[in-house]
There are 2 protein chains.
Amino acid sequence: MKLSNEQKRYIEELFELLKIPSISADSKFQKDVNDAANWIKDSLKKIGCDKVEIIKTKGHPIVYAEKIINTKFPTVLVYGHYDVQPPDPINLWDNPPFDPIIKQTKLHPEGAIFCRGACDDKGQMFMHIKALEKMNQKNNLKCNVKFMIEGEEEIGSENLEKFVKENKAKLKSDIILISDTGIISNNQPSITTSLRGLSYMEVSIKGPNKDLHSGLYGGAVPNPINILCEMISRLKDEDNKIIIPGFYDDVIEYDEDARNEINKEPFNLKEFKNSINISDIHGEKDYSTIERKSIRPTLDVNGIWGGYMGEGSKTVIPSEAHAKISMRLVPNQDWKKISKIFKDYFISIAPKSVSVKVKTHHGGYPYLTPSDNPGYKAAYMAYNETFGIKPLRSNSGGSIPIVPMFEKELKTKSILMGFGLDTDDIHSPNEHFGLFNFFKGIETIEKFYKYYSEIVN
Amino acid sequence: MKLSNEQKRYIEELFELLKIPSISADSKFQKDVNDAANWIKDSLKKIGCDKVEIIKTKGHPIVYAEKIINTKFPTVLVYGHYDVQPPDPINLWDNPPFDPIIKQTKLHPEGAIFCRGACDDKGQMFMHIKALEKMNQKNNLKCNVKFMIEGEEEIGSENLEKFVKENKAKLKSDIILISDTGIISNNQPSITTSLRGLSYMEVSIKGPNKDLHSGLYGGAVPNPINILCEMISRLKDEDNKIIIPGFYDDVIEYDEDARNEINKEPFNLKEFKNSINISDIHGEKDYSTIERKSIRPTLDVNGIWGGYMGEGSKTVIPSEAHAKISMRLVPNQDWKKISKIFKDYFISIAPKSVSVKVKTHHGGYPYLTPSDNPGYKAAYMAYNETFGIKPLRSNSGGSIPIVPMFEKELKTKSILMGFGLDTDDIHSPNEHFGLFNFFKGIETIEKFYKYYSEIVN
């Protein structure tokens, strides 16, 4: 890929940021985390932002900045994060994890930047700073822009929620723009328009007050493991539908057109099965695999334990058995309501012979961007122009808890305008981000502002 | 309890044996194990046995002896063991575990010997040596007696089976006599007439070839834990009957009279529930608790594990899930057949999306002494005379693998003529054996020989 001088400078600048090992999870890197925040503050100042500040929290600082062009213009709040995942296992990296290098790959023939944070999220966040720089230079920006770049995304954004709650006026905007997701491929852009929520529970079944000999007591006493298994089996029916009363009450059911649209996403069932080596898929009757992993709620046991788990055999009836059970939720399910009906139902199906404890670990709301949202429309038009292909709506099966949190606290939708690929190895050794994607991202963000100001003004 | 000089001598002798820490599980006590074997050899010689020998095995030695009175008389083979359980946790013993002492207890107002092995099985085995000594002195024995006293009972009798198989002629007898069980109480003697067998399986369910993110894959792939739970729930029906086809085919069904007899055993349901703190019992429909834990087969999950078992939460769909499942079997179930039908059925109920492994850990046959067996009749009459109360038949829910092994190899029934109490803390700190029980045992064994020779001759 032949780079312009300007592009070369962007890469050089990004490399400076990437070299700072701002690992939020490890207190040994506290200074680096602060250095990264300062580097971003300087970078935002340099491109002409006002009110650039570093906001201290109980944890890592948040960088905030504004570029108010005209109070009559719509305001875009850009969210990103400067912290990164630990690079472990380091021995699996082909190059040092904080020494960025450009190498070609099959999917990135133009070259990709290999470094921890290249894609998640330093590279994607930096696209927004460079897009604003360009628009400032051209003086064609018809939106106001606010930046909120945090340092705790990889450790749960614990202090961000407090900041958001306490600064609603400051953070007021018409739309939130986030580049921390991906596109289907470099030939097929996509916009993530829904996220699943989560309700994560832990259940404990207690039978006898001590472990018992399975010969002397077997057959006559409640075995907590057998009973736990029976209770778990009563959470779904034979069609893999969840039979907790009221579970599907608030689930958005899509009509045929919408389902056809969803099922247009490129997907090869054989490749899917081969990639995880399963001989058959397994899921809710009457829904496709794409639907099952995006627009339908789930119930999965994430862990189970009880009794003797060592080598060989032990003839024990254990006193207790435990499981971690989580449900992925879809718009408009309320995780607090779901956690409650799960708990009520689970307790109701227990036999009298055991005692049951149900604990809610945590939860999160699902999220949906409707296709008539002006931000979505602007993003759609931007991708369409820069990629030359209409972007698809992508329904993610995962959860990004800050997005529904922003909606709840700021009453503002987020546009998930990502440019990474699934294969970019974020959170893994050899994380990388394509040069094509980086520059296409800057270009698409610029177009977003253009279309958004046209639609809203 | 006022002891005669003879009784005092018996106690002194038993103390000598009890002081030897013949812990079979710990190789540090190898010399003590050998010393105990030698002590028994000397003891059997002293009372006038012939052919007293120590038989070496790959593990600990077996002491063998004979007292052949007349080849026309019936022959009784006495089995016992001189090895003991480790005394751990030592700090919970009120006195040193290998320094025998006589103390009163609520259930043993006449005094009880406190020492590791006092009841299991040195004390109970020694009753047979003393009974034979008395009969030799009185010259009234109308049976031949063989002794086979092993040193590996507490570690699985691994080398005994080989010895038995290779010495069938030497061990030929009409009945085997074993004192390694108990009686209901000192006011209600009982004879253990049935033992449950065992089939111990381990199952593994494999879904995807790696742990998956429950957001990105949840709903669309087989979750091995959910599936394992569903499969386990399909092993029993709502009445807690095992629904593996053919499972009950060989189970002896008792008629009303026999069931009434079984249910005569003193049993207080409230006390049973309180003792293990359960609010309700749980078991096969149409059977009492006594029946459920003795004459009915069972299926218990002894251990289960899979996925994330740590603190907090992890949103994983695990690749595998595992369980240990055992079935207690009753006469005339064949553990090899049961293991096979379990495996076939378990594999047959798995969905196509997962792979299943079923492994047989080990098994054992159930055992039954019919009430028309001459040895049983003699034991019945002996207890009735010495205790002044008719003994009850006691069906144990546990397994004593050597008993069905003797039946299989030697074609000979065993009479389980025990004298311990459930509360004697065998395998626990402060093991003890009542003086009443010890002397009553010697007396009852003497009577057994008398009645047995009368019935058989």
# chains A, B, ... in the order shown; residues from 1 in each chain; ligands from 1

call {"tool": "closest_atom_pairs", "arguments": {"of": "chain B", "to": "chain A", "cutoff": "6 Å", "atoms": "only C-alpha atoms", "output": "tab-separated table"}}
result
residue	atom	partner	partner_atom	distance
B:Pro208	CA	A:Ile276	CA	5.1
B:Asn209	CA	A:Ile276	CA	5.3
B:Gly215	CA	A:Gly398	CA	3.9
B:Leu216	CA	A:Gly397	CA	4.7
B:Tyr217	CA	A:Lys293	CA	5.7
B:Gly218	CA	A:Lys293	CA	5.8
B:Gly219	CA	A:Arg292	CA	5.1
B:Ala220	CA	A:Gly283	CA	5.1
B:Val221	CA	A:His282	CA	5.0
B:Pro222	CA	A:His282	CA	5.0
B:Asn226	CA	A:Val301	CA	5.9
B:Cys229	CA	A:Cys229	CA	4.3
B:Glu230	CA	A:Ser233	CA	4.7
B:Ser233	CA	A:Glu230	CA	4.7
B:Ile276	CA	A:Pro208	CA	5.1
B:Asn277	CA	A:Asn209	CA	5.7
B:Ile278	CA	A:Pro208	CA	5.6
B:Ser279	CA	A:Ser353	CA	5.3
B:Asp280	CA	A:Ser353	CA	4.2
B:Ile281	CA	A:Val221	CA	5.4
B:His282	CA	A:Pro222	CA	5.0
B:Gly283	CA	A:Ala220	CA	5.1
B:Thr289	CA	A:Ala220	CA	5.4
B:Arg292	CA	A:Gly219	CA	5.1
B:Lys293	CA	A:Gly219	CA	5.4
B:Thr298	CA	A:Gly219	CA	5.1
B:Val301	CA	A:Asn226	CA	5.9
B:Asn302	CA	A:Val316	CA	5.4
B:Gly303	CA	A:Gly307	CA	4.1
B:Ile304	CA	A:Trp305	CA	5.3
B:Trp305	CA	A:Trp305	CA	4.4
B:Gly306	CA	A:Ile304	CA	5.4
B:Gly307	CA	A:Gly303	CA	4.1
B:Tyr308	CA	A:Gly303	CA	4.4
B:Met309	CA	A:Gly303	CA	5.5
B:Val316	CA	A:Asn302	CA	5.4
B:Ile317	CA	A:Asn302	CA	5.7
B:Ser353	CA	A:Asp280	CA	4.2
B:Gly397	CA	A:Leu216	CA	4.7
B:Gly398	CA	A:Gly215	CA	3.9

call {"tool": "write_last_selection", "arguments": {"atoms": "C-alpha atoms", "output": "PDB file, in the first residue's frame"}}
result
ATOM      1  CA  PRO B 208     -17.449 -27.849  20.670  1.00  0.00           C
ATOM      2  CA  ASN B 209     -13.714 -28.522  20.412  1.00  0.00           C
ATOM      3  CA  GLY B 215     -22.546 -14.313  23.759  1.00  0.00           C
ATOM      4  CA  LEU B 216     -21.191 -14.992  20.322  1.00  0.00           C
ATOM      5  CA  TYR B 217     -22.167 -18.683  20.215  1.00  0.00           C
ATOM      6  CA  GLY B 218     -24.887 -19.017  22.845  1.00  0.00           C
ATOM      7  CA  GLY B 219     -28.145 -20.443  21.528  1.00  0.00           C
ATOM      8  CA  ALA B 220     -26.617 -21.971  18.415  1.00  0.00           C
ATOM      9  CA  VAL B 221     -24.274 -24.680  19.696  1.00  0.00           C
ATOM     10  CA  PRO B 222     -24.621 -27.734  21.948  1.00  0.00           C
ATOM     11  CA  ASN B 226     -27.066 -28.495  29.690  1.00  0.00           C
ATOM     12  CA  CYS B 229     -28.060 -32.497  32.905  1.00  0.00           C
ATOM     13  CA  GLU B 230     -30.852 -33.369  30.494  1.00  0.00           C
ATOM     14  CA  SER B 233     -32.605 -36.321  34.219  1.00  0.00           C
ATOM     15  CA  ILE B 276     -28.788 -35.469  58.275  1.00  0.00           C
ATOM     16  CA  ASN B 277     -30.948 -32.341  58.474  1.00  0.00           C
ATOM     17  CA  ILE B 278     -33.231 -32.937  55.500  1.00  0.00           C
ATOM     18  CA  SER B 279     -36.768 -31.594  55.455  1.00  0.00           C
ATOM     19  CA  ASP B 280     -38.099 -34.479  53.408  1.00  0.00           C
ATOM     20  CA  ILE B 281     -36.992 -37.889  52.249  1.00  0.00           C
ATOM     21  CA  HIS B 282     -36.575 -38.621  48.556  1.00  0.00           C
ATOM     22  CA  GLY B 283     -36.706 -41.950  46.807  1.00  0.00           C
ATOM     23  CA  THR B 289     -37.034 -45.682  53.490  1.00  0.00           C
ATOM     24  CA  ARG B 292     -35.027 -47.899  49.571  1.00  0.00           C
ATOM     25  CA  LYS B 293     -31.697 -48.109  51.324  1.00  0.00           C
ATOM     26  CA  THR B 298     -30.238 -46.938  43.230  1.00  0.00           C
ATOM     27  CA  VAL B 301     -24.514 -39.011  40.651  1.00  0.00           C
ATOM     28  CA  ASN B 302     -21.438 -39.013  42.880  1.00  0.00           C
ATOM     29  CA  GLY B 303     -19.694 -36.128  41.174  1.00  0.00           C
ATOM     30  CA  ILE B 304     -20.226 -33.648  38.360  1.00  0.00           C
ATOM     31  CA  TRP B 305     -18.015 -30.984  36.841  1.00  0.00           C
ATOM     32  CA  GLY B 306     -17.631 -28.784  33.808  1.00  0.00           C
ATOM     33  CA  GLY B 307     -17.094 -25.169  32.739  1.00  0.00           C
ATOM     34  CA  TYR B 308     -16.220 -22.365  35.107  1.00  0.00           C
ATOM     35  CA  MET B 309     -16.224 -23.340  38.772  1.00  0.00           C
ATOM     36  CA  VAL B 316     -18.261 -19.585  28.721  1.00  0.00           C
ATOM     37  CA  ILE B 317     -19.835 -22.476  26.879  1.00  0.00           C
ATOM     38  CA  SER B 353     -24.617 -32.692  18.352  1.00  0.00           C
ATOM     39  CA  GLY B 397     -27.314 -50.964  51.621  1.00  0.00           C
ATOM     40  CA  GLY B 398     -23.553 -51.104  51.408  1.00  0.00           C
TER      41      GLY B 398
END

call {"tool": "select_by_dssp", "arguments": {"residues": "segment 111-277 of chain A", "states": "helix (DSSP H, G or I)", "output": "count of residues only"}}
result
52

call {"tool": "residues_around", "arguments": {"residues": "segment 54-64 of chain B", "least_positions_apart": "3", "cutoff": "12 Å", "atoms": "only C-alpha atoms", "output": "JSON list (two decimals) with C-alpha atoms, in the first residue's frame"}}
result
[["chain", "number", "residue", "atom", "x", "y", "z"],
["B", 22, "SER", "CA", -0.78, -52.36, 61.40],
["B", 23, "ILE", "CA", -1.88, -49.64, 58.98],
["B", 24, "SER", "CA", -2.03, -51.32, 55.59],
["B", 25, "ALA", "CA", -2.31, -48.10, 53.56],
["B", 26, "ASP", "CA", 1.00, -46.64, 54.71],
["B", 27, "SER", "CA", 4.26, -48.36, 53.78],
["B", 29, "PHE", "CA", 4.07, -49.37, 58.88],
["B", 30, "GLN", "CA", 5.24, -52.40, 56.87],
["B", 31, "LYS", "CA", 7.06, -53.88, 59.87],
["B", 32, "ASP", "CA", 3.99, -53.42, 62.08],
["B", 33, "VAL", "CA", 1.80, -55.10, 59.50],
["B", 34, "ASN", "CA", 4.18, -58.09, 59.51],
["B", 35, "ASP", "CA", 4.34, -58.06, 63.33],
["B", 36, "ALA", "CA", 0.54, -58.20, 63.51],
["B", 37, "ALA", "CA", 0.47, -61.17, 61.11],
["B", 38, "ASN", "CA", 3.08, -62.95, 63.20],
["B", 39, "TRP", "CA", 1.23, -62.17, 66.40],
["B", 40, "ILE", "CA", -1.90, -63.82, 64.97],
["B", 41, "LYS", "CA", 0.08, -66.79, 63.73],
["B", 42, "ASP", "CA", 1.47, -67.31, 67.28],
["B", 43, "SER", "CA", -1.96, -66.82, 68.77],
["B", 44, "LEU", "CA", -3.49, -69.47, 66.49],
["B", 45, "LYS", "CA", -0.65, -71.87, 67.29],
["B", 49, "CYS", "CA", -4.37, -74.95, 65.40],
["B", 50, "ASP", "CA", -2.49, -77.10, 62.89],
["B", 51, "LYS", "CA", -0.79, -75.98, 59.72],
["B", 67, "LYS", "CA", -8.11, -77.17, 63.12],
["B", 77, "LEU", "CA", -13.89, -71.01, 57.14],
["B", 78, "VAL", "CA", -13.35, -67.96, 59.34],
["B", 79, "TYR", "CA", -12.41, -64.79, 57.53],
["B", 80, "GLY", "CA", -11.09, -61.66, 59.26],
["B", 81, "HIS", "CA", -8.46, -58.98, 58.84],
["B", 82, "TYR", "CA", -5.66, -57.70, 61.02],
["B", 83, "ASP", "CA", -4.99, -54.45, 59.15],
["B", 145, "VAL", "CA", -12.24, -74.78, 61.38],
["B", 146, "LYS", "CA", -10.07, -72.92, 58.89],
["B", 147, "PHE", "CA", -8.79, -69.39, 59.41],
["B", 148, "MET", "CA", -7.96, -66.92, 56.66],
["B", 149, "ILE", "CA", -6.93, -63.60, 58.19],
["B", 150, "GLU", "CA", -5.77, -61.01, 55.69],
["B", 151, "GLY", "CA", -3.90, -57.71, 55.96],
["B", 152, "GLU", "CA", -5.34, -55.73, 53.05],
["B", 153, "GLU", "CA", -9.04, -55.34, 53.77],
["B", 154, "GLU", "CA", -8.77, -51.60, 54.32],
["B", 155, "ILE", "CA", -7.01, -51.14, 50.98],
["B", 156, "GLY", "CA", -9.29, -53.27, 48.80],
["B", 157, "SER", "CA", -8.18, -56.88, 49.44],
["B", 158, "GLU", "CA", -6.30, -56.74, 46.17],
["B", 159, "ASN", "CA", -4.23, -59.88, 46.71],
["B", 160, "LEU", "CA", -6.86, -61.92, 48.51],
["B", 161, "GLU", "CA", -8.83, -62.70, 45.35],
["B", 162, "LYS", "CA", -5.76, -64.18, 43.68],
["B", 163, "PHE", "CA", -5.03, -66.28, 46.78],
["B", 164, "VAL", "CA", -8.62, -67.53, 46.89],
["B", 166, "GLU", "CA", -5.41, -70.36, 43.50],
["B", 167, "ASN", "CA", -6.32, -72.20, 46.71],
["B", 170, "LYS", "CA", -7.33, -75.62, 50.62],
["B", 171, "LEU", "CA", -10.14, -73.17, 51.41]]

call {"tool": "select_by_dssp", "arguments": {"residues": "segment 235-424 of chain A", "states": "strand (DSSP E or B)", "output": "count of residues only"}}
result
42

call {"tool": "residues_around", "arguments": {"residues": "Ser453 of chain B", "least_positions_apart": "3", "cutoff": "8 Å", "atoms": "only C-alpha atoms", "output": "list of chain:residue names"}}
result
B:Phe73, B:Pro74, B:Lys142, B:Cys143, B:Tyr449, B:Lys450, B:Val456, B:Asn457

call {"tool": "write_last_selection", "arguments": {"atoms": "C-alpha atoms", "output": "CSV table (one decimal), in the first residue's frame"}}
result
chain,number,residue,atom,x,y,z
B,73,PHE,CA,-17.5,-83.0,60.3
B,74,PRO,CA,-18.6,-79.8,58.4
B,142,LYS,CA,-17.9,-80.9,66.2
B,143,CYS,CA,-16.8,-78.8,63.2
B,449,TYR,CA,-20.6,-74.1,66.1
B,450,LYS,CA,-22.8,-76.1,68.4
B,456,VAL,CA,-25.5,-80.3,59.3
B,457,ASN,CA,-24.4,-83.5,60.8

call {"tool": "atom_distance", "arguments": {"atom1": "atom CA of Val76 of chain A", "atom2": "atom CA of Met381 of chain A"}}
result
16.8 Å

call {"tool": "residues_around", "arguments": {"residues": "segment 407-418 of chain A", "least_positions_apart": "4", "cutoff": "8 Å", "atoms": "only C-alpha atoms", "output": "tab-separated table (two decimals) with N, CA and C atoms, in the first residue's frame"}}
result
chain	number	residue	atom	x	y	z
A	124	GLN	N	-8.80	2.07	16.59
A	124	GLN	CA	-10.15	2.49	16.20
A	124	GLN	C	-10.52	3.84	16.83
A	164	VAL	N	-20.62	9.21	34.16
A	164	VAL	CA	-21.74	9.51	33.25
A	164	VAL	C	-22.94	10.02	34.04
A	165	LYS	N	-23.24	9.32	35.15
A	165	LYS	CA	-24.39	9.73	35.97
A	165	LYS	C	-24.24	11.15	36.51
A	168	LYS	N	-24.32	14.43	33.26
A	168	LYS	CA	-25.27	14.26	32.17
A	168	LYS	C	-25.34	15.50	31.28
A	171	LEU	N	-22.23	15.76	29.09
A	171	LEU	CA	-22.14	14.72	28.06
A	171	LEU	C	-23.33	14.74	27.10
A	172	LYS	N	-24.20	15.74	27.26
A	172	LYS	CA	-25.41	15.82	26.43
A	172	LYS	C	-25.03	15.80	24.95
A	173	SER	N	-25.71	14.98	24.20
A	173	SER	CA	-25.40	14.86	22.77
A	173	SER	C	-26.62	14.32	22.05
A	174	ASP	N	-26.55	14.33	20.75
A	174	ASP	CA	-27.67	13.79	19.97
A	174	ASP	C	-27.43	12.33	19.58
A	175	ILE	N	-26.18	11.98	19.53
A	175	ILE	CA	-25.86	10.60	19.16
A	175	ILE	C	-24.48	10.27	19.73
A	176	ILE	N	-24.29	9.00	20.07
A	176	ILE	CA	-22.97	8.56	20.55
A	176	ILE	C	-22.35	7.69	19.47
A	177	LEU	N	-21.09	7.94	19.22
A	177	LEU	CA	-20.40	7.21	18.13
A	177	LEU	C	-19.29	6.38	18.76
A	178	ILE	N	-19.28	5.09	18.45
A	178	ILE	CA	-18.31	4.17	19.06
A	178	ILE	C	-17.71	3.28	17.98
A	179	SER	N	-16.39	3.25	17.91
A	179	SER	CA	-15.74	2.29	17.02
A	179	SER	C	-15.00	1.28	17.88
A	180	ASP	N	-15.70	0.24	18.31
A	180	ASP	CA	-15.08	-0.81	19.14
A	180	ASP	C	-15.66	-2.16	18.76
A	181	THR	N	-16.20	-2.23	17.53
A	181	THR	CA	-16.75	-3.49	17.02
A	181	THR	C	-16.13	-3.73	15.64
A	182	GLY	N	-16.78	-4.58	14.84
A	182	GLY	CA	-16.18	-4.91	13.55
A	182	GLY	C	-17.15	-4.87	12.40
A	183	ILE	N	-16.61	-5.21	11.23
A	183	ILE	CA	-17.43	-5.38	10.04
A	183	ILE	C	-17.32	-6.84	9.60
A	191	ILE	N	-23.04	-2.75	10.26
A	191	ILE	CA	-23.20	-1.90	11.44
A	191	ILE	C	-23.89	-2.73	12.51
A	192	THR	N	-23.27	-2.82	13.66
A	192	THR	CA	-23.87	-3.60	14.75
A	192	THR	C	-25.04	-2.82	15.31
A	193	THR	N	-26.22	-3.37	15.16
A	193	THR	CA	-27.42	-2.62	15.55
A	193	THR	C	-28.14	-3.23	16.75
A	369	THR	N	-30.49	-0.49	17.97
A	369	THR	CA	-30.55	0.76	17.19
A	369	THR	C	-31.59	0.56	16.10
A	375	GLY	N	-28.76	8.75	13.23
A	375	GLY	CA	-27.35	8.33	13.31
A	375	GLY	C	-27.12	7.06	12.51
A	376	TYR	N	-28.06	6.12	12.63
A	376	TYR	CA	-27.93	4.88	11.85
A	376	TYR	C	-27.97	5.18	10.36
A	379	ALA	N	-24.72	6.67	9.24
A	379	ALA	CA	-23.67	5.65	9.17
A	379	ALA	C	-23.87	4.77	7.94
A	403	VAL	N	-23.12	0.41	26.40
A	403	VAL	CA	-24.04	0.95	25.40
A	403	VAL	C	-25.46	1.07	25.97
A	441	GLY	N	-11.71	3.69	7.86
A	441	GLY	CA	-12.44	4.15	9.04
A	441	GLY	C	-12.44	5.67	9.12

call {"tool": "closest_residue", "arguments": {"among": "B:Asp249, B:Glu6, B:Glu16, B:Glu53", "to": "Val330 of chain B", "atoms": "only C-alpha atoms"}}
result
B:Asp249

call {"tool": "closest_residue", "arguments": {"among": "B:Asn332, B:Asp120, B:Ser204, B:Ile129", "to": "Asp422 of chain B", "atoms": "only C-alpha atoms"}}
result
B:Asp120

call {"tool": "residues_around", "arguments": {"residues": "segment 428-436 of chain B", "least_positions_apart": "2", "cutoff": "6 Å", "atoms": "only C-alpha atoms", "output": "list of chain:residue names"}}
result
B:Leu92, B:Trp93, B:His108, B:Gly111, B:Ala112, B:Ile113, B:Phe114, B:Cys115, B:Arg116, B:Ala118, B:Cys119, B:Asp424, B:Asp425, B:Ile426, B:Phe438, B:Phe439, B:Lys440

call {"tool": "atom_distance", "arguments": {"atom1": "atom CA of Lys337 of chain B", "atom2": "atom CA of Tyr365 of chain B"}}
result
10.7 Å

call {"tool": "atom_distance", "arguments": {"atom1": "atom CA of Asn186 of chain A", "atom2": "atom CA of Pro87 of chain A"}}
result
26.1 Å

call {"tool": "closest_residue", "arguments": {"among": "A:Ile347, A:Ile442, A:Ile205, A:Ile90", "to": "Met125 of chain A", "atoms": "only C-alpha atoms"}}
result
A:Ile442

call {"tool": "decode", "arguments": {"residues": "segment 395-418 of chain A", "atoms": "C-alpha atoms", "output": "mmCIF file, in the first residue's frame"}}
result
data_model
loop_
_atom_site.group_PDB
_atom_site.id
_atom_site.type_symbol
_atom_site.label_atom_id
_atom_site.label_comp_id
_atom_site.auth_asym_id
_atom_site.auth_seq_id
_atom_site.Cartn_x
_atom_site.Cartn_y
_atom_site.Cartn_z
ATOM 1 C CA ASN A 395 -27.081 -8.359 15.378
ATOM 2 C CA SER A 396 -24.384 -9.275 17.839
ATOM 3 C CA GLY A 397 -24.939 -12.112 20.234
ATOM 4 C CA GLY A 398 -22.561 -10.555 22.719
ATOM 5 C CA SER A 399 -23.049 -7.744 25.199
ATOM 6 C CA ILE A 400 -21.389 -4.295 25.477
ATOM 7 C CA PRO A 401 -22.732 -3.135 28.841
ATOM 8 C CA ILE A 402 -21.760 0.544 28.431
ATOM 9 C CA VAL A 403 -24.044 0.945 25.397
ATOM 10 C CA PRO A 404 -27.318 0.202 27.221
ATOM 11 C CA MET A 405 -25.887 2.129 30.196
ATOM 12 C CA PHE A 406 -25.458 5.235 27.969
ATOM 13 C CA GLU A 407 -29.012 4.784 26.741
ATOM 14 C CA LYS A 408 -30.338 4.511 30.269
ATOM 15 C CA GLU A 409 -28.387 7.414 31.755
ATOM 16 C CA LEU A 410 -28.052 9.791 28.805
ATOM 17 C CA LYS A 411 -31.199 8.789 26.901
ATOM 18 C CA THR A 412 -29.050 8.643 23.792
ATOM 19 C CA LYS A 413 -28.550 5.893 21.231
ATOM 20 C CA SER A 414 -25.090 4.719 20.209
ATOM 21 C CA ILE A 415 -23.979 3.982 16.666
ATOM 22 C CA LEU A 416 -21.565 1.046 16.681
ATOM 23 C CA MET A 417 -19.424 2.019 13.751
ATOM 24 C CA GLY A 418 -16.622 -0.509 13.921
#
